[in-house]
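**Q** This structure is in structure tokens; I'll ask about it shortly.
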Amino acid sequence: MGQRVAIVGTGQTHHRSSRKDVNGVELIQEATSRALEDAGLRREDIDAVVIGNMDHFEGINYVDMWSIDGNGGLHKPVMKVTTGGTTGTTVAIAGYYHVASGLFDTVLAIGWEKNSESDTTAAIITCADPYWERPTFGGAVAGLATAACEYMHRYGITERDAALVAVRDRKNAIKNPYAHLRKQITVEEVLGSPILAYPIKLLDICPRTDGACAVIFASEDKAKKIADKPAWVHQVSSRHNYTFLTDIERSGRMPTLYEACMEVYKNAGIRDPLHELDVIEMYTPSSFAGLVWIDALGVCDEGEAVKLVSDGATEMGGELPINPSGGVISTNCIGATGLIRVAEAAMQVSGRAGEHQIEGAKLALATGFGGCSWSDVLLIGSAKPN
Amino acid sequence: MERVAIIGIGQTKYEREKRGETFADLVFEVVTKALNDAKIGIEDIDNVVTVSNDFWDGRTISSMAVTEACGSYGKNVSTVEGDGTFGAFYGLMRILSGSFRSTLVVSHCKGSEGSNHLITNAIFNPIYERAIGLDSISSSALQARRYMEKYGITEEQCALASVKNHKNAKDNPFSQIAMDICVEDVMNSKALSDPIKLLDSSPISDGACAIILADERMAKRVTTRPVWVKGVSHSADAYNLGDRDLAEPDALIRAAQKVYDMAGIQEPLREIDVAEIYDAFSYQELLWSEGLGFCERGKGGRLIESGKTTKEGMLPINPSGGVLSAHPVLVAGLARIAEITIQLRGEGNGRQVDGAKIGLAHGINGACGQAHCVWILES
């Protein structure tokens, strides 16, 4: 590893289904201003900017250039990274490497999306190969529904088991002032909600949200001066293994998430993640994924995730709380979603998560999901890494 | 900055339409070439940066099309959406972080599969600018006109860049448009958007390029002809065209100053042996030459008239034929790095600049060079 890197400020918009009062640049500006305020920095203190979203949602080409007024990158190095749903974590990882390289001391990473301006499914459909897969895998729901059917078959889980994840996350969201959907739901309501693609129902899946998130990464020297409790980046990893949706390996644990987690644990010396991790902000595109993928985090045996969830281990007061922020099922401004996981993980280990704080959280995992069953993982801790 | 080298490169031939090849085919071709060039296998690559753009590819998550072809399975990987010089910059940072030894950077684009007008129109403000039809050509025409008006640059001076670069392209086996033309031919070519004419403009191109960056230890182990990164910097200017004086490439001036500081260069015209710069239009070679400090402000026309930038001159610019001779968007900046690598290895054959030891590669992002990325490389 190169220079030590810490997160010294985070900012989010109040996420909503439609922010008609602002345009995209203004939305970005809201999040960046809050991150700067959080860190006690000014725009001129930022050395470089990394930004990401998914082009086809807003129909803006060269977003990094278009958003200069809101991203604060005038006369600075500005870079755009984008990898689909993993964009937010990809932005965070790029922010990390900017600082770890030693070329920059203070870097602003921004993820955003204004989904109200898009036809989300129409845009997502075009990620599939135009000849082989576009006619069959229509948008995000179809692929997730296919996977959910397979999980039900393979592990014997029920729609009711999965609904518990949605109920948990929506309950947690009530305590997060930035979350989009902040209303308690019940298992019965999930089961009774309209079917989108069997077995996924409306309340099993993430919403489409307008929102932005900004995270400030700083070198060790700067971090100590800027923040009382910097959140240190211990490890980052990404696996974007597949091109075709039909190539996704459907045996064993969710492969890219498992590989990325194992790399992170190995490099961080973590042997017992269930007990060593204090909190996880997990990118859960659907309740079924949020349930089954827990085993890919290495915190239980394969197929045992349902037990962790039904026993309450992933609740706020449980052994390993997952998504105290309310997660993706409560808020999904796609290009920002992964970065919100990182911001929330940083807030937890800095003890600054407010009402949804996990007491004494020292080590947090943030995950991103997107593309063709791709994963990014970041490990964030309150202690300076070795 | 620790020492990082370019140890392998690969380019496709650039063509108007590669109808028989998919994005993955193009990427696989150049990745294979780069690995062979470096004499290493894909198992020696520990991380990958792909470069693509969803608008140009007509595909959301455009990098999804090439994950297999770039060999990133089971590796750390990311995707930059912008010119290839920016993707290479991210690849460099990942090595400097100490986390990786070798980054494969690969960029692809097929201009033939989309509408340049619609795709570049989408760069502009959706409310105020798109409806008037601004695109890469018409916005550049505004910049060319402003530059000519402010500094008395003539259309004939701009045409000299087209004449020189299309001639240079004859010695580059990868180039798309190679020909002997004269200033009159350029002046008489069809007007696209005044003052830009057809032969002032780069073509629509399909192609891909890959480079492999490695840390010093690996570079010294695997190759006898490393090309070292001496400095790199990028900078962005204001978005609205009206917020900039288009005759003043401020972002380029900033990026160049930084990179010259990093590389210890005081007199770029004398100290740099060869430059590959992003001449999407003929006027850009003149204007970017000024931004890069090869001449004083407003003297870009005189510089090209002086002959100093021909292949035999004091500072040959675009001996490959430049972007005017092949313009796969996003790829073009990475191709500039690949061409400088060829020059500094002394492998340029007909386009070789004698004794080239220090080279400059340049890429741009956004409309009218809103952002610039500058690399200084050394043999």
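Chain identifiers are assigned as A, B, and so on, following the order in which chains appear in the structure tokens; residues are numbered from 1 within each chain, and ligands are numbered from 1 in order of appearance.
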Within 8 Å of segment 220-222 of chain B, counting only C-alpha atoms, which residues show up once you throw out same-chain ones fewer than 6 positions away? Write them as a PDB file with N, CA and C atoms, in the first residue's frame, please.

**A**
```pdb
ATOM      1  N   ILE B   7       5.735  -0.292 -20.827  1.00  0.00           N
ATOM      2  CA  ILE B   7       6.502  -1.476 -21.259  1.00  0.00           C
ATOM      3  C   ILE B   7       5.867  -2.187 -22.449  1.00  0.00           C
ATOM      4  N   ALA B  38       5.245  -6.352 -24.889  1.00  0.00           N
ATOM      5  CA  ALA B  38       5.955  -6.340 -23.601  1.00  0.00           C
ATOM      6  C   ALA B  38       6.585  -7.688 -23.292  1.00  0.00           C
ATOM      7  N   LYS B  39       6.267  -8.682 -24.117  1.00  0.00           N
ATOM      8  CA  LYS B  39       6.730 -10.059 -23.899  1.00  0.00           C
ATOM      9  C   LYS B  39       6.318 -10.582 -22.521  1.00  0.00           C
ATOM     10  N   ILE B  40       5.069 -10.322 -22.167  1.00  0.00           N
ATOM     11  CA  ILE B  40       4.527 -10.860 -20.914  1.00  0.00           C
ATOM     12  C   ILE B  40       3.168 -11.484 -21.221  1.00  0.00           C
TER      13      ILE B  40
END
```

**Q** Taking only C-alpha atoms into account, produce a table as a Markdown table in which each residue of chain A with an atom at most 7 Å from an atom of chain B appears once, together with its shortest atom pair and the distance in Å to one decimal, ordered by chain and rising number.

**A**
```
| residue | atom | partner | partner_atom | distance |
| --- | --- | --- | --- | --- |
| A:Met1 | CA | B:Gly98 | CA | 4.8 |
| A:Gly2 | CA | B:Ser97 | CA | 4.3 |
| A:Gln3 | CA | B:Ser97 | CA | 6.8 |
| A:Asp55 | CA | B:Asp54 | CA | 6.4 |
| A:His56 | CA | B:Thr60 | CA | 6.3 |
| A:Gly59 | CA | B:Ala122 | CA | 7.0 |
| A:Ile60 | CA | B:Ala122 | CA | 5.7 |
| A:Asn61 | CA | B:Ile123 | CA | 4.7 |
| A:Tyr62 | CA | B:Ile123 | CA | 6.0 |
| A:Met65 | CA | B:Tyr239 | CA | 6.0 |
| A:Trp66 | CA | B:Tyr239 | CA | 5.6 |
| A:Ile68 | CA | B:Tyr239 | CA | 6.3 |
| A:Gly73 | CA | B:Ala236 | CA | 6.8 |
| A:Leu74 | CA | B:Asp237 | CA | 5.5 |
| A:His75 | CA | B:Ala236 | CA | 5.0 |
| A:Lys76 | CA | B:Ser235 | CA | 4.7 |
| A:Pro77 | CA | B:Ser235 | CA | 4.3 |
| A:Val78 | CA | B:Ala236 | CA | 6.3 |
| A:Lys80 | CA | B:Glu81 | CA | 5.5 |
| A:Val81 | CA | B:Val80 | CA | 4.3 |
| A:Thr82 | CA | B:Thr79 | CA | 5.9 |
| A:Thr83 | CA | B:Ile61 | CA | 5.7 |
| A:Gly84 | CA | B:Ile61 | CA | 5.1 |
| A:Thr90 | CA | B:Ser78 | CA | 6.8 |
| A:Tyr97 | CA | B:Arg94 | CA | 5.8 |
| A:His98 | CA | B:Met93 | CA | 6.2 |
| A:Ala100 | CA | B:Ser97 | CA | 4.7 |
| A:Ser101 | CA | B:Ser97 | CA | 4.0 |
| A:Ala123 | CA | B:Thr60 | CA | 6.5 |
| A:Ile124 | CA | B:Thr60 | CA | 6.4 |
| A:Thr126 | CA | B:Arg59 | CA | 5.1 |
| A:Cys127 | CA | B:Thr60 | CA | 4.6 |
| A:Ser237 | CA | B:Asn76 | CA | 6.3 |
| A:Ser238 | CA | B:Asn76 | CA | 5.0 |
| A:Arg239 | CA | B:Asn76 | CA | 5.7 |
| A:His240 | CA | B:Val77 | CA | 6.7 |
| A:Asn241 | CA | B:Tyr73 | CA | 4.6 |
| A:Tyr242 | CA | B:Thr67 | CA | 6.3 |
| A:Thr243 | CA | B:Met64 | CA | 5.2 |
| A:Gly371 | CA | B:Ile61 | CA | 6.5 |
| A:Cys372 | CA | B:Met64 | CA | 6.9 |
```

**Q** Going by DSSP on the backbone, which bits of segment 71-240 of chain B are strand (DSSP E)? Write them as number ranges by chain, please.

**A** B: 76-80, 102-110, 191-193, 196-197, 206-215, 227-236

**Q** Using C-alpha atoms, can you write the selected residues to a file as a PDB file, in the first residue's frame?

**A**
```
ATOM      1  CA  ASN B  76      -8.958  -5.282  -9.912  1.00  0.00           C
ATOM      2  CA  VAL B  77     -10.426  -3.132 -12.650  1.00  0.00           C
ATOM      3  CA  SER B  78     -11.969   0.276 -13.227  1.00  0.00           C
ATOM      4  CA  THR B  79     -13.285   2.378 -16.086  1.00  0.00           C
ATOM      5  CA  VAL B  80     -12.512   5.967 -16.987  1.00  0.00           C
ATOM      6  CA  SER B 102       1.383  -3.336 -13.785  1.00  0.00           C
ATOM      7  CA  THR B 103      -1.676  -1.617 -15.216  1.00  0.00           C
ATOM      8  CA  LEU B 104      -3.141  -2.465 -18.592  1.00  0.00           C
ATOM      9  CA  VAL B 105      -4.949   0.578 -20.009  1.00  0.00           C
ATOM     10  CA  VAL B 106      -7.162  -0.003 -23.031  1.00  0.00           C
ATOM     11  CA  SER B 107      -9.508   2.270 -24.943  1.00  0.00           C
ATOM     12  CA  HIS B 108     -11.877   1.594 -27.817  1.00  0.00           C
ATOM     13  CA  CYS B 109     -14.294   3.545 -29.985  1.00  0.00           C
ATOM     14  CA  LYS B 110     -16.262   3.046 -33.156  1.00  0.00           C
ATOM     15  CA  ALA B 191     -16.914  24.100 -45.756  1.00  0.00           C
ATOM     16  CA  LEU B 192     -18.215  22.259 -42.681  1.00  0.00           C
ATOM     17  CA  SER B 193     -18.652  25.166 -40.290  1.00  0.00           C
ATOM     18  CA  ILE B 196     -13.473  24.827 -40.615  1.00  0.00           C
ATOM     19  CA  LYS B 197     -13.351  22.946 -43.894  1.00  0.00           C
ATOM     20  CA  ASP B 206     -12.903   3.092 -35.565  1.00  0.00           C
ATOM     21  CA  GLY B 207     -10.066   1.633 -33.538  1.00  0.00           C
ATOM     22  CA  ALA B 208      -8.495   0.749 -30.211  1.00  0.00           C
ATOM     23  CA  CYS B 209      -5.237   1.255 -28.363  1.00  0.00           C
ATOM     24  CA  ALA B 210      -3.678  -0.358 -25.298  1.00  0.00           C
ATOM     25  CA  ILE B 211      -0.645   0.484 -23.194  1.00  0.00           C
ATOM     26  CA  ILE B 212       0.934  -1.354 -20.278  1.00  0.00           C
ATOM     27  CA  LEU B 213       2.424   0.648 -17.409  1.00  0.00           C
ATOM     28  CA  ALA B 214       4.755  -1.006 -14.906  1.00  0.00           C
ATOM     29  CA  ASP B 215       6.671  -0.063 -11.789  1.00  0.00           C
ATOM     30  CA  VAL B 227       9.839   4.450 -21.734  1.00  0.00           C
ATOM     31  CA  TRP B 228       9.695   6.339 -18.459  1.00  0.00           C
ATOM     32  CA  VAL B 229       6.997   8.694 -17.252  1.00  0.00           C
ATOM     33  CA  LYS B 230       8.706  11.944 -16.255  1.00  0.00           C
ATOM     34  CA  GLY B 231       5.584  13.914 -15.544  1.00  0.00           C
ATOM     35  CA  VAL B 232       1.857  14.048 -16.121  1.00  0.00           C
ATOM     36  CA  SER B 233      -0.818  16.560 -15.290  1.00  0.00           C
ATOM     37  CA  HIS B 234      -4.339  17.499 -16.278  1.00  0.00           C
ATOM     38  CA  SER B 235      -6.607  20.460 -15.680  1.00  0.00           C
ATOM     39  CA  ALA B 236     -10.158  21.531 -16.505  1.00  0.00           C
TER      40      ALA B 236
END
```

**Q** Name the closest residue to Gln257 of chain B among the candidates B:Ala326, B:Met218, B:Leu286, B:Val374; distances are taken between atoms, counting only C-alpha atoms.

**A** B:Val374
